[in-house]
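A.B. asks: Mind looking over this structure? Questions follow.
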Amino acid sequence: MNQITFYIVQNENEIEILRNRSGKYNNFTYTYEEATIDLLKKNFNLPDSLYLIAKKGDEFVAFCSIDKDWWEDNYFMIREIIVDPNFQKQGIGEAIMGKCIDHARSKGATGVVTETAFENFPMQKLCAKFHFEKWDNPQWKEGITYKLIF
Ligand SMILES: CC(C)(COP(=O)(O)OP(=O)(O)OC[C@H]1O[C@@H](n2cnc3c(N)ncnc32)[C@H](O)[C@@H]1OP(=O)(O)O)[C@@H](O)C(=O)NCCC(=O)NCCS
């Protein structure tokens, strides 16, 4: 975690840093599609959104975003998280996600949700570390929805 700085994204153009980035775990690949980048730009302007970028010097290390675009009242959603492969398994995912969860708590949220693929074991481990619980989401069955109630 040495020399890594966390920045709050101030301008939606900074989200472009995610374009063409991807993460891989076994046969599962996570890629930033155009639609995801568009949604991130849209939700950036919602009240109480927090987007964070971690860097080491000029080098991209990680991104995590949380916003209130969720249908249950007063929940925040961790919409995206990615740690550059060169920096994974060093606790950076936990650190940046923890900052987003703290933000939701500071805004008086009821809880936080996030969604991930059945194959995404690293993300599932990360959610378990924060004591998220699997939730039977009536609107999404293509993966796992996690909920953390404060
Ligand atoms: C999920 C992700 C953000 C985790 O980031 P990270 O910085 O490596 O996570 P941390 O170092 O904080 O580790 C958190 C836990 O996950 C586990 N973990 C992380 N990567 C793992 C891997 N490849 N295999 C097994 N466990 C892994 C760690 O072991 C750790 O648990 P532990 O401390 O009990 O050992 C990262 O793997 C990633 O960017 N993946 C690609 C993008 C993605 O899938 N995003 C989520 C979309 S929903």
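Note on naming: chains are A, B, ... as they come in the structure tokens, residues start from 1 per chain, ligands start from 1 in the order shown.
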If we count only C-alpha atoms, what is near Glu94 (chain A) at a cut-off of 12 Å, once residues fewer than 6 positions away on the same chain are taken out, given as number ranges by chain?
C.D. replies: A: 1, 62-64, 81-83, 88, 100-102, 122-130
A.B. asks: Would you export the selected residues with all heavy atoms as a short mmCIF file (atom, residue, chain, number, x, y, z; two decimals), in the first residue's frame, please?
C.D. replies:
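Heads up, here's the output in out-v4.cif:
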```
data_model
loop_
_atom_site.label_atom_id
_atom_site.label_comp_id
_atom_site.auth_asym_id
_atom_site.auth_seq_id
_atom_site.Cartn_x
_atom_site.Cartn_y
_atom_site.Cartn_z
N MET A 1 0.85 -1.22 0.00
CA MET A 1 0.00 0.00 0.00
C MET A 1 0.87 1.26 0.00
O MET A 1 0.38 2.37 0.02
CB MET A 1 -0.90 -0.02 1.24
CG MET A 1 -2.14 0.83 1.09
SD MET A 1 -3.46 0.01 0.25
CE MET A 1 -3.93 -1.19 1.47
N ALA A 62 -6.32 1.68 -8.95
CA ALA A 62 -7.66 1.14 -8.66
C ALA A 62 -8.74 2.20 -8.85
O ALA A 62 -8.45 3.41 -8.86
CB ALA A 62 -7.71 0.62 -7.23
N PHE A 63 -9.96 1.71 -8.98
CA PHE A 63 -11.15 2.57 -9.08
C PHE A 63 -12.26 1.91 -8.29
O PHE A 63 -12.40 0.68 -8.31
CB PHE A 63 -11.57 2.71 -10.55
CG PHE A 63 -12.86 3.45 -10.76
CD1 PHE A 63 -12.89 4.83 -10.92
CD2 PHE A 63 -14.08 2.76 -10.78
CE1 PHE A 63 -14.09 5.51 -11.08
CE2 PHE A 63 -15.28 3.43 -10.95
CZ PHE A 63 -15.29 4.81 -11.10
N CYS A 64 -13.07 2.72 -7.61
CA CYS A 64 -14.30 2.19 -6.99
C CYS A 64 -15.33 3.30 -6.97
O CYS A 64 -15.00 4.47 -6.74
CB CYS A 64 -14.01 1.71 -5.57
SG CYS A 64 -15.39 0.82 -4.81
N ILE A 81 -15.80 -1.75 -9.17
CA ILE A 81 -14.51 -1.77 -8.47
C ILE A 81 -13.54 -2.53 -9.34
O ILE A 81 -13.87 -3.57 -9.91
CB ILE A 81 -14.61 -2.39 -7.04
CG1 ILE A 81 -13.22 -2.42 -6.38
CG2 ILE A 81 -15.25 -3.76 -7.04
CD1 ILE A 81 -13.27 -2.71 -4.88
N ILE A 82 -12.36 -1.96 -9.49
CA ILE A 82 -11.31 -2.69 -10.21
C ILE A 82 -9.95 -2.30 -9.64
O ILE A 82 -9.70 -1.13 -9.35
CB ILE A 82 -11.36 -2.44 -11.74
CG1 ILE A 82 -10.35 -3.36 -12.44
CG2 ILE A 82 -11.15 -0.98 -12.11
CD1 ILE A 82 -10.55 -3.50 -13.94
N VAL A 83 -9.13 -3.30 -9.44
CA VAL A 83 -7.74 -3.07 -9.04
C VAL A 83 -6.88 -3.57 -10.18
O VAL A 83 -7.10 -4.69 -10.69
CB VAL A 83 -7.41 -3.81 -7.72
CG1 VAL A 83 -5.95 -3.64 -7.35
CG2 VAL A 83 -8.31 -3.30 -6.59
N GLN A 88 -3.09 -6.24 -7.44
CA GLN A 88 -4.09 -7.06 -6.75
C GLN A 88 -3.47 -7.86 -5.61
O GLN A 88 -2.26 -8.03 -5.54
CB GLN A 88 -4.78 -8.01 -7.74
CG GLN A 88 -5.73 -7.24 -8.68
CD GLN A 88 -6.40 -8.13 -9.71
OE1 GLN A 88 -6.23 -9.34 -9.71
NE2 GLN A 88 -7.15 -7.52 -10.61
N CYS A 100 -15.63 3.60 0.26
CA CYS A 100 -16.97 3.81 -0.30
C CYS A 100 -18.06 3.41 0.70
O CYS A 100 -19.09 4.09 0.81
CB CYS A 100 -17.11 3.04 -1.62
SG CYS A 100 -16.20 3.84 -2.97
N ILE A 101 -17.82 2.34 1.42
CA ILE A 101 -18.80 1.91 2.44
C ILE A 101 -18.89 2.97 3.55
O ILE A 101 -19.99 3.34 3.99
CB ILE A 101 -18.42 0.52 2.99
CG1 ILE A 101 -18.57 -0.54 1.89
CG2 ILE A 101 -19.28 0.16 4.20
CD1 ILE A 101 -17.99 -1.90 2.25
N ASP A 102 -17.74 3.47 3.97
CA ASP A 102 -17.73 4.52 5.01
C ASP A 102 -18.51 5.75 4.55
O ASP A 102 -19.20 6.40 5.33
CB ASP A 102 -16.29 4.94 5.34
CG ASP A 102 -15.55 3.87 6.11
OD1 ASP A 102 -16.19 2.91 6.58
OD2 ASP A 102 -14.32 3.99 6.23
N PRO A 122 -12.70 -13.62 -6.44
CA PRO A 122 -12.03 -12.55 -5.68
C PRO A 122 -13.03 -11.51 -5.15
O PRO A 122 -12.93 -11.10 -3.99
CB PRO A 122 -11.08 -11.92 -6.71
CG PRO A 122 -10.80 -13.03 -7.66
CD PRO A 122 -12.07 -13.82 -7.76
N MET A 123 -14.01 -11.13 -5.98
CA MET A 123 -15.00 -10.14 -5.51
C MET A 123 -15.86 -10.73 -4.40
O MET A 123 -16.22 -10.05 -3.43
CB MET A 123 -15.87 -9.69 -6.70
CG MET A 123 -16.88 -8.62 -6.35
SD MET A 123 -16.10 -7.11 -5.72
CE MET A 123 -17.56 -6.11 -5.40
N GLN A 124 -16.18 -12.02 -4.50
CA GLN A 124 -16.98 -12.66 -3.45
C GLN A 124 -16.22 -12.68 -2.13
O GLN A 124 -16.77 -12.45 -1.06
CB GLN A 124 -17.37 -14.08 -3.89
CG GLN A 124 -18.38 -14.06 -5.03
CD GLN A 124 -18.53 -15.40 -5.72
OE1 GLN A 124 -18.38 -16.44 -5.10
NE2 GLN A 124 -18.82 -15.38 -7.01
N LYS A 125 -14.91 -12.92 -2.21
CA LYS A 125 -14.10 -12.92 -0.98
C LYS A 125 -14.06 -11.52 -0.36
O LYS A 125 -14.13 -11.35 0.85
CB LYS A 125 -12.67 -13.38 -1.29
CG LYS A 125 -12.51 -14.87 -1.18
CD LYS A 125 -11.04 -15.28 -1.05
CE LYS A 125 -10.60 -15.37 0.40
NZ LYS A 125 -9.22 -15.92 0.53
N LEU A 126 -13.94 -10.54 -1.24
CA LEU A 126 -13.91 -9.15 -0.77
C LEU A 126 -15.22 -8.80 -0.07
O LEU A 126 -15.22 -8.21 1.02
CB LEU A 126 -13.67 -8.24 -1.98
CG LEU A 126 -13.30 -6.79 -1.74
CD1 LEU A 126 -12.16 -6.66 -0.75
CD2 LEU A 126 -12.91 -6.13 -3.07
N CYS A 127 -16.35 -9.19 -0.65
CA CYS A 127 -17.66 -8.91 -0.03
C CYS A 127 -17.77 -9.61 1.33
O CYS A 127 -18.26 -9.04 2.30
CB CYS A 127 -18.79 -9.35 -0.95
SG CYS A 127 -18.95 -8.31 -2.41
N ALA A 128 -17.28 -10.84 1.38
CA ALA A 128 -17.35 -11.59 2.64
C ALA A 128 -16.54 -10.89 3.74
O ALA A 128 -16.93 -10.88 4.90
CB ALA A 128 -16.85 -13.01 2.42
N LYS A 129 -15.42 -10.28 3.35
CA LYS A 129 -14.58 -9.59 4.35
C LYS A 129 -15.33 -8.46 5.04
O LYS A 129 -15.08 -8.15 6.19
CB LYS A 129 -13.33 -9.01 3.67
CG LYS A 129 -12.33 -10.05 3.30
CD LYS A 129 -10.94 -9.48 3.15
CE LYS A 129 -10.16 -9.74 4.42
NZ LYS A 129 -8.72 -9.59 4.25
N PHE A 130 -16.23 -7.83 4.27
CA PHE A 130 -17.02 -6.72 4.85
C PHE A 130 -18.35 -7.22 5.46
O PHE A 130 -19.20 -6.42 5.81
CB PHE A 130 -17.31 -5.67 3.77
CG PHE A 130 -16.11 -4.82 3.44
CD1 PHE A 130 -15.39 -5.03 2.28
CD2 PHE A 130 -15.71 -3.81 4.31
CE1 PHE A 130 -14.28 -4.25 1.97
CE2 PHE A 130 -14.60 -3.03 4.02
CZ PHE A 130 -13.89 -3.25 2.85
#
```
A.B. asks: What's the 12 Å shell around Trp140 (chain A), counting only C-alpha atoms, without same-chain residues fewer than 5 positions away, as a ChimeraX atom specification?
C.D. replies: /A:114-117,135,145-146
A.B. asks: Taking the DSSP assignment computed from this structure's backbone, write out as a list in words all residues of region 51-105 of chain A that belong to strand (DSSP E).
C.D. replies: Tyr51, Leu52, Ile53, Ala54, Lys55, Lys56, Glu59, Phe60, Val61, Ala62, Phe63, Cys64, Ser65, Ile66, Asp67, Tyr75, Phe76, Met77, Ile78, Arg79, Glu80, Ile81, Ile82 and Val83 of chain A
A.B. asks: Rank A:Lys89, A:Lys55, A:Lys68, A:Lys141 by their smallest atom-to-atom distance to Gly111 (chain A), using only C-alpha atoms, and report the top residue only.
C.D. replies: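 So, comparing all the options, the nearest one is A:Lys68.
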A.B. asks: Find the residues around region 10-14 of chain A up to 10 Å (only C-alpha atoms counted), leave out those fewer than 3 positions away in its own chain, and share them as a list in words.
C.D. replies: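 Those residues are Tyr7, Ile17, Leu18, Ile37, Asp38, Leu40, Lys41, Lys42, Asn43, Phe44, Asn45, Leu50, Tyr51, Leu52 and Ile53 of chain A.
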A.B. asks: Write the residues of the selection above to a file with C-alpha atoms, as a tab-separated table (two decimals), in the first residue's frame.
C.D. replies:
```tsv
chain	number	residue	atom	x	y	z
A	7	TYR	CA	-8.32	10.71	-5.09
A	17	ILE	CA	-9.36	6.01	-17.24
A	18	LEU	CA	-11.43	2.78	-17.15
A	37	ILE	CA	-18.79	3.84	-18.80
A	38	ASP	CA	-21.91	5.74	-19.93
A	40	LEU	CA	-20.91	5.67	-14.58
A	41	LYS	CA	-20.85	9.11	-16.20
A	42	LYS	CA	-24.61	9.49	-15.72
A	43	ASN	CA	-24.56	8.41	-12.07
A	44	PHE	CA	-21.51	10.56	-11.31
A	45	ASN	CA	-23.84	13.55	-11.26
A	50	LEU	CA	-18.50	8.99	-4.59
A	51	TYR	CA	-15.98	7.89	-7.21
A	52	LEU	CA	-12.43	7.13	-6.10
A	53	ILE	CA	-9.23	6.52	-8.05
```
A.B. asks: Find the residues near Asn120 (chain A): any atom within 10 Å, counting only C-alpha atoms, skip ones fewer than 4 places away on the same chain, and give them as a PyMOL selection string.
C.D. replies: chain A and resi 24-30+116+124-125+143-144
A.B. asks: Go ahead and save the picked residues with all heavy atoms, as a CSV table (one decimal), in the first residue's frame.
C.D. replies:
```
chain,number,residue,atom,x,y,z
A,24,LYS,N,-9.1,-10.3,-14.8
A,24,LYS,CA,-9.3,-11.7,-15.2
A,24,LYS,C,-9.1,-12.6,-13.9
A,24,LYS,O,-8.3,-12.3,-13.1
A,24,LYS,CB,-8.2,-12.1,-16.2
A,24,LYS,CG,-8.6,-13.2,-17.1
A,24,LYS,CD,-7.5,-13.3,-18.2
A,24,LYS,CE,-7.6,-14.5,-19.0
A,24,LYS,NZ,-8.0,-15.7,-18.4
A,25,TYR,N,-10.0,-13.6,-13.8
A,25,TYR,CA,-9.8,-14.6,-12.8
A,25,TYR,C,-10.2,-16.0,-13.4
A,25,TYR,O,-11.3,-16.2,-13.8
A,25,TYR,CB,-10.7,-14.3,-11.6
A,25,TYR,CG,-10.6,-15.4,-10.5
A,25,TYR,CD1,-9.4,-15.6,-9.8
A,25,TYR,CD2,-11.7,-16.3,-10.3
A,25,TYR,CE1,-9.3,-16.6,-8.8
A,25,TYR,CE2,-11.6,-17.3,-9.4
A,25,TYR,CZ,-10.4,-17.4,-8.6
A,25,TYR,OH,-10.3,-18.4,-7.7
A,26,ASN,N,-9.2,-16.9,-13.5
A,26,ASN,CA,-9.4,-18.1,-14.2
A,26,ASN,C,-10.0,-17.8,-15.6
A,26,ASN,O,-9.5,-17.0,-16.3
A,26,ASN,CB,-10.3,-19.1,-13.5
A,26,ASN,CG,-9.6,-19.6,-12.2
A,26,ASN,OD1,-8.4,-19.5,-12.1
A,26,ASN,ND2,-10.3,-20.1,-11.3
A,27,ASN,N,-11.2,-18.4,-15.9
A,27,ASN,CA,-11.8,-18.2,-17.3
A,27,ASN,C,-12.7,-16.9,-17.3
A,27,ASN,O,-13.3,-16.6,-18.3
A,27,ASN,CB,-12.6,-19.4,-17.7
A,27,ASN,CG,-11.7,-20.5,-18.0
A,27,ASN,OD1,-10.5,-20.3,-18.4
A,27,ASN,ND2,-12.1,-21.7,-17.7
A,28,PHE,N,-12.8,-16.3,-16.1
A,28,PHE,CA,-13.8,-15.1,-16.1
A,28,PHE,C,-13.0,-13.8,-16.3
A,28,PHE,O,-12.0,-13.6,-15.7
A,28,PHE,CB,-14.4,-15.1,-14.6
A,28,PHE,CG,-15.1,-13.8,-14.4
A,28,PHE,CD1,-16.4,-13.6,-15.0
A,28,PHE,CD2,-14.6,-12.8,-13.6
A,28,PHE,CE1,-17.1,-12.5,-14.7
A,28,PHE,CE2,-15.3,-11.7,-13.3
A,28,PHE,CZ,-16.6,-11.5,-13.9
A,29,THR,N,-13.5,-13.0,-17.3
A,29,THR,CA,-12.9,-11.7,-17.6
A,29,THR,C,-13.9,-10.6,-17.4
A,29,THR,O,-15.0,-10.7,-17.8
A,29,THR,CB,-12.4,-11.7,-19.1
A,29,THR,OG1,-11.6,-12.8,-19.3
A,29,THR,CG2,-11.6,-10.4,-19.4
A,30,TYR,N,-13.4,-9.6,-16.7
A,30,TYR,CA,-14.3,-8.5,-16.4
A,30,TYR,C,-13.8,-7.3,-17.2
A,30,TYR,O,-12.6,-6.9,-17.1
A,30,TYR,CB,-14.2,-8.1,-14.9
A,30,TYR,CG,-15.3,-7.1,-14.5
A,30,TYR,CD1,-16.6,-7.5,-14.3
A,30,TYR,CD2,-15.0,-5.8,-14.4
A,30,TYR,CE1,-17.6,-6.6,-14.0
A,30,TYR,CE2,-16.0,-4.9,-14.1
A,30,TYR,CZ,-17.2,-5.3,-13.9
A,30,TYR,OH,-18.2,-4.4,-13.6
A,116,THR,N,-22.2,-9.2,-8.4
A,116,THR,CA,-21.1,-9.8,-9.0
A,116,THR,C,-21.4,-11.1,-9.7
A,116,THR,O,-22.4,-11.7,-9.4
A,116,THR,CB,-19.9,-9.9,-8.0
A,116,THR,OG1,-18.7,-10.1,-8.8
A,116,THR,CG2,-20.1,-11.1,-7.1
A,124,GLN,N,-16.2,-12.0,-4.5
A,124,GLN,CA,-17.0,-12.7,-3.5
A,124,GLN,C,-16.2,-12.7,-2.1
A,124,GLN,O,-16.8,-12.4,-1.1
A,124,GLN,CB,-17.4,-14.1,-3.9
A,124,GLN,CG,-18.4,-14.1,-5.0
A,124,GLN,CD,-18.5,-15.4,-5.7
A,124,GLN,OE1,-18.4,-16.4,-5.1
A,124,GLN,NE2,-18.8,-15.4,-7.0
A,125,LYS,N,-14.9,-12.9,-2.2
A,125,LYS,CA,-14.1,-12.9,-1.0
A,125,LYS,C,-14.1,-11.5,-0.4
A,125,LYS,O,-14.1,-11.3,0.9
A,125,LYS,CB,-12.7,-13.4,-1.3
A,125,LYS,CG,-12.5,-14.9,-1.2
A,125,LYS,CD,-11.0,-15.3,-1.0
A,125,LYS,CE,-10.6,-15.4,0.4
A,125,LYS,NZ,-9.2,-15.9,0.5
A,143,GLY,N,-26.4,-13.3,-11.5
A,143,GLY,CA,-25.2,-13.3,-10.6
A,143,GLY,C,-25.6,-13.2,-9.2
A,143,GLY,O,-26.8,-13.5,-8.8
A,144,ILE,N,-24.6,-12.8,-8.3
A,144,ILE,CA,-24.9,-12.7,-6.9
A,144,ILE,C,-25.1,-11.3,-6.5
A,144,ILE,O,-24.3,-10.4,-6.8
A,144,ILE,CB,-23.8,-13.3,-6.0
A,144,ILE,CG1,-23.5,-14.8,-6.5
A,144,ILE,CG2,-24.1,-13.3,-4.6
A,144,ILE,CD1,-22.2,-15.3,-5.9
```
A.B. asks: Between atom 10 (P, counted along the ligand's line) of ligand 1 and CA of Val113 (chain A), what distance in Å does the model show, to one decimal?
C.D. replies: 18.3 Å
A.B. asks: Using backbone DSSP assignments, extract all helix (DSSP H, G or I) residues from region 24-71 of chain A; output them as JSON, numbers by chain.
C.D. replies: {"A": [34, 35, 36, 37, 38, 39, 40, 41, 42, 43, 44]}
A.B. asks: Could the residues in this selection be written to a file with all heavy atoms, as a PDB file, in the first residue's frame?
C.D. replies:
```
ATOM      1  N   GLU A  34     -18.781   0.024 -23.169  1.00  0.00           N
ATOM      2  CA  GLU A  34     -19.237   1.404 -23.383  1.00  0.00           C
ATOM      3  C   GLU A  34     -20.432   1.733 -22.473  1.00  0.00           C
ATOM      4  O   GLU A  34     -20.504   2.795 -21.850  1.00  0.00           O
ATOM      5  CB  GLU A  34     -19.655   1.547 -24.857  1.00  0.00           C
ATOM      6  CG  GLU A  34     -19.920   2.961 -25.300  1.00  0.00           C
ATOM      7  CD  GLU A  34     -18.644   3.788 -25.403  1.00  0.00           C
ATOM      8  OE1 GLU A  34     -17.632   3.258 -25.900  1.00  0.00           O
ATOM      9  OE2 GLU A  34     -18.681   4.941 -24.945  1.00  0.00           O
ATOM     10  N   ALA A  35     -21.375   0.785 -22.382  1.00  0.00           N
ATOM     11  CA  ALA A  35     -22.601   1.034 -21.603  1.00  0.00           C
ATOM     12  C   ALA A  35     -22.268   1.269 -20.126  1.00  0.00           C
ATOM     13  O   ALA A  35     -22.905   2.092 -19.457  1.00  0.00           O
ATOM     14  CB  ALA A  35     -23.557  -0.146 -21.740  1.00  0.00           C
ATOM     15  N   THR A  36     -21.264   0.565 -19.622  1.00  0.00           N
ATOM     16  CA  THR A  36     -20.879   0.733 -18.213  1.00  0.00           C
ATOM     17  C   THR A  36     -20.272   2.113 -17.997  1.00  0.00           C
ATOM     18  O   THR A  36     -20.586   2.797 -17.014  1.00  0.00           O
ATOM     19  CB  THR A  36     -19.852  -0.352 -17.817  1.00  0.00           C
ATOM     20  OG1 THR A  36     -20.356  -1.614 -18.230  1.00  0.00           O
ATOM     21  CG2 THR A  36     -19.598  -0.361 -16.333  1.00  0.00           C
ATOM     22  N   ILE A  37     -19.424   2.516 -18.919  1.00  0.00           N
ATOM     23  CA  ILE A  37     -18.791   3.836 -18.797  1.00  0.00           C
ATOM     24  C   ILE A  37     -19.858   4.935 -18.891  1.00  0.00           C
ATOM     25  O   ILE A  37     -19.853   5.893 -18.120  1.00  0.00           O
ATOM     26  CB  ILE A  37     -17.672   3.984 -19.851  1.00  0.00           C
ATOM     27  CG1 ILE A  37     -16.533   3.032 -19.440  1.00  0.00           C
ATOM     28  CG2 ILE A  37     -17.195   5.424 -19.954  1.00  0.00           C
ATOM     29  CD1 ILE A  37     -15.311   3.062 -20.284  1.00  0.00           C
ATOM     30  N   ASP A  38     -20.826   4.752 -19.800  1.00  0.00           N
ATOM     31  CA  ASP A  38     -21.912   5.740 -19.927  1.00  0.00           C
ATOM     32  C   ASP A  38     -22.717   5.834 -18.640  1.00  0.00           C
ATOM     33  O   ASP A  38     -23.054   6.926 -18.188  1.00  0.00           O
ATOM     34  CB  ASP A  38     -22.851   5.360 -21.082  1.00  0.00           C
ATOM     35  CG  ASP A  38     -22.214   5.637 -22.431  1.00  0.00           C
ATOM     36  OD1 ASP A  38     -21.143   6.277 -22.456  1.00  0.00           O
ATOM     37  OD2 ASP A  38     -22.773   5.191 -23.453  1.00  0.00           O
ATOM     38  N   LEU A  39     -23.031   4.686 -18.047  1.00  0.00           N
ATOM     39  CA  LEU A  39     -23.820   4.689 -16.813  1.00  0.00           C
ATOM     40  C   LEU A  39     -23.030   5.340 -15.666  1.00  0.00           C
ATOM     41  O   LEU A  39     -23.584   6.097 -14.863  1.00  0.00           O
ATOM     42  CB  LEU A  39     -24.227   3.256 -16.437  1.00  0.00           C
ATOM     43  CG  LEU A  39     -25.108   3.122 -15.193  1.00  0.00           C
ATOM     44  CD1 LEU A  39     -26.425   3.882 -15.358  1.00  0.00           C
ATOM     45  CD2 LEU A  39     -25.398   1.656 -14.888  1.00  0.00           C
ATOM     46  N   LEU A  40     -21.735   5.040 -15.618  1.00  0.00           N
ATOM     47  CA  LEU A  40     -20.906   5.671 -14.581  1.00  0.00           C
ATOM     48  C   LEU A  40     -20.912   7.189 -14.733  1.00  0.00           C
ATOM     49  O   LEU A  40     -20.998   7.922 -13.747  1.00  0.00           O
ATOM     50  CB  LEU A  40     -19.471   5.146 -14.665  1.00  0.00           C
ATOM     51  CG  LEU A  40     -19.212   3.789 -14.037  1.00  0.00           C
ATOM     52  CD1 LEU A  40     -17.810   3.294 -14.386  1.00  0.00           C
ATOM     53  CD2 LEU A  40     -19.364   3.843 -12.519  1.00  0.00           C
ATOM     54  N   LYS A  41     -20.860   7.662 -15.976  1.00  0.00           N
ATOM     55  CA  LYS A  41     -20.851   9.114 -16.203  1.00  0.00           C
ATOM     56  C   LYS A  41     -22.186   9.712 -15.775  1.00  0.00           C
ATOM     57  O   LYS A  41     -22.238  10.782 -15.170  1.00  0.00           O
ATOM     58  CB  LYS A  41     -20.559   9.425 -17.671  1.00  0.00           C
ATOM     59  CG  LYS A  41     -19.100   9.194 -18.020  1.00  0.00           C
ATOM     60  CD  LYS A  41     -18.795   9.615 -19.434  1.00  0.00           C
ATOM     61  CE  LYS A  41     -17.295   9.462 -19.710  1.00  0.00           C
ATOM     62  NZ  LYS A  41     -16.954   9.736 -21.110  1.00  0.00           N
ATOM     63  N   LYS A  42     -23.270   9.006 -16.086  1.00  0.00           N
ATOM     64  CA  LYS A  42     -24.608   9.493 -15.720  1.00  0.00           C
ATOM     65  C   LYS A  42     -24.743   9.546 -14.188  1.00  0.00           C
ATOM     66  O   LYS A  42     -25.159  10.560 -13.630  1.00  0.00           O
ATOM     67  CB  LYS A  42     -25.649   8.550 -16.330  1.00  0.00           C
ATOM     68  CG  LYS A  42     -27.074   8.953 -16.127  1.00  0.00           C
ATOM     69  CD  LYS A  42     -27.977   8.060 -16.975  1.00  0.00           C
ATOM     70  CE  LYS A  42     -29.245   7.682 -16.272  1.00  0.00           C
ATOM     71  NZ  LYS A  42     -29.197   6.538 -15.381  1.00  0.00           N
ATOM     72  N   ASN A  43     -24.359   8.488 -13.527  1.00  0.00           N
ATOM     73  CA  ASN A  43     -24.556   8.413 -12.071  1.00  0.00           C
ATOM     74  C   ASN A  43     -23.569   9.281 -11.286  1.00  0.00           C
ATOM     75  O   ASN A  43     -23.803   9.587 -10.119  1.00  0.00           O
ATOM     76  CB  ASN A  43     -24.455   6.962 -11.599  1.00  0.00           C
ATOM     77  CG  ASN A  43     -25.681   6.169 -11.992  1.00  0.00           C
ATOM     78  OD1 ASN A  43     -26.575   6.699 -12.653  1.00  0.00           O
ATOM     79  ND2 ASN A  43     -25.751   4.918 -11.607  1.00  0.00           N
ATOM     80  N   PHE A  44     -22.489   9.673 -11.954  1.00  0.00           N
ATOM     81  CA  PHE A  44     -21.513  10.558 -11.311  1.00  0.00           C
ATOM     82  C   PHE A  44     -22.186  11.843 -10.821  1.00  0.00           C
ATOM     83  O   PHE A  44     -21.839  12.396  -9.780  1.00  0.00           O
ATOM     84  CB  PHE A  44     -20.396  10.893 -12.305  1.00  0.00           C
ATOM     85  CG  PHE A  44     -19.375  11.843 -11.772  1.00  0.00           C
ATOM     86  CD1 PHE A  44     -18.458  11.429 -10.815  1.00  0.00           C
ATOM     87  CD2 PHE A  44     -19.330  13.158 -12.212  1.00  0.00           C
ATOM     88  CE1 PHE A  44     -17.513  12.315 -10.301  1.00  0.00           C
ATOM     89  CE2 PHE A  44     -18.394  14.042 -11.704  1.00  0.00           C
ATOM     90  CZ  PHE A  44     -17.491  13.619 -10.749  1.00  0.00           C
TER      91      PHE A  44
END
```
A.B. asks: Quote the spacing between atom 24 (N, counted along the ligand's line) of ligand 1 and CA of Glu59 (chain A) in Å to one decimal place.
C.D. replies: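 Rounded to one decimal, the two atoms are 22.7 Å apart.
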A.B. asks: With only C-alpha atoms as the basis for distance, which of A:Leu46, A:Ile15, A:Ala54, A:Ala109 is at the shortest distance from Gly93 (chain A)?
C.D. replies: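 Smallest distance to Gly93 (chain A) is found for A:Ala54.
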A.B. asks: With distances taken over only C-alpha atoms and all ligand atoms, which of A:Val112, A:Ala104, A:Ile149, A:Ile78 is nearest to ligand 1?
C.D. replies: A:Ile78
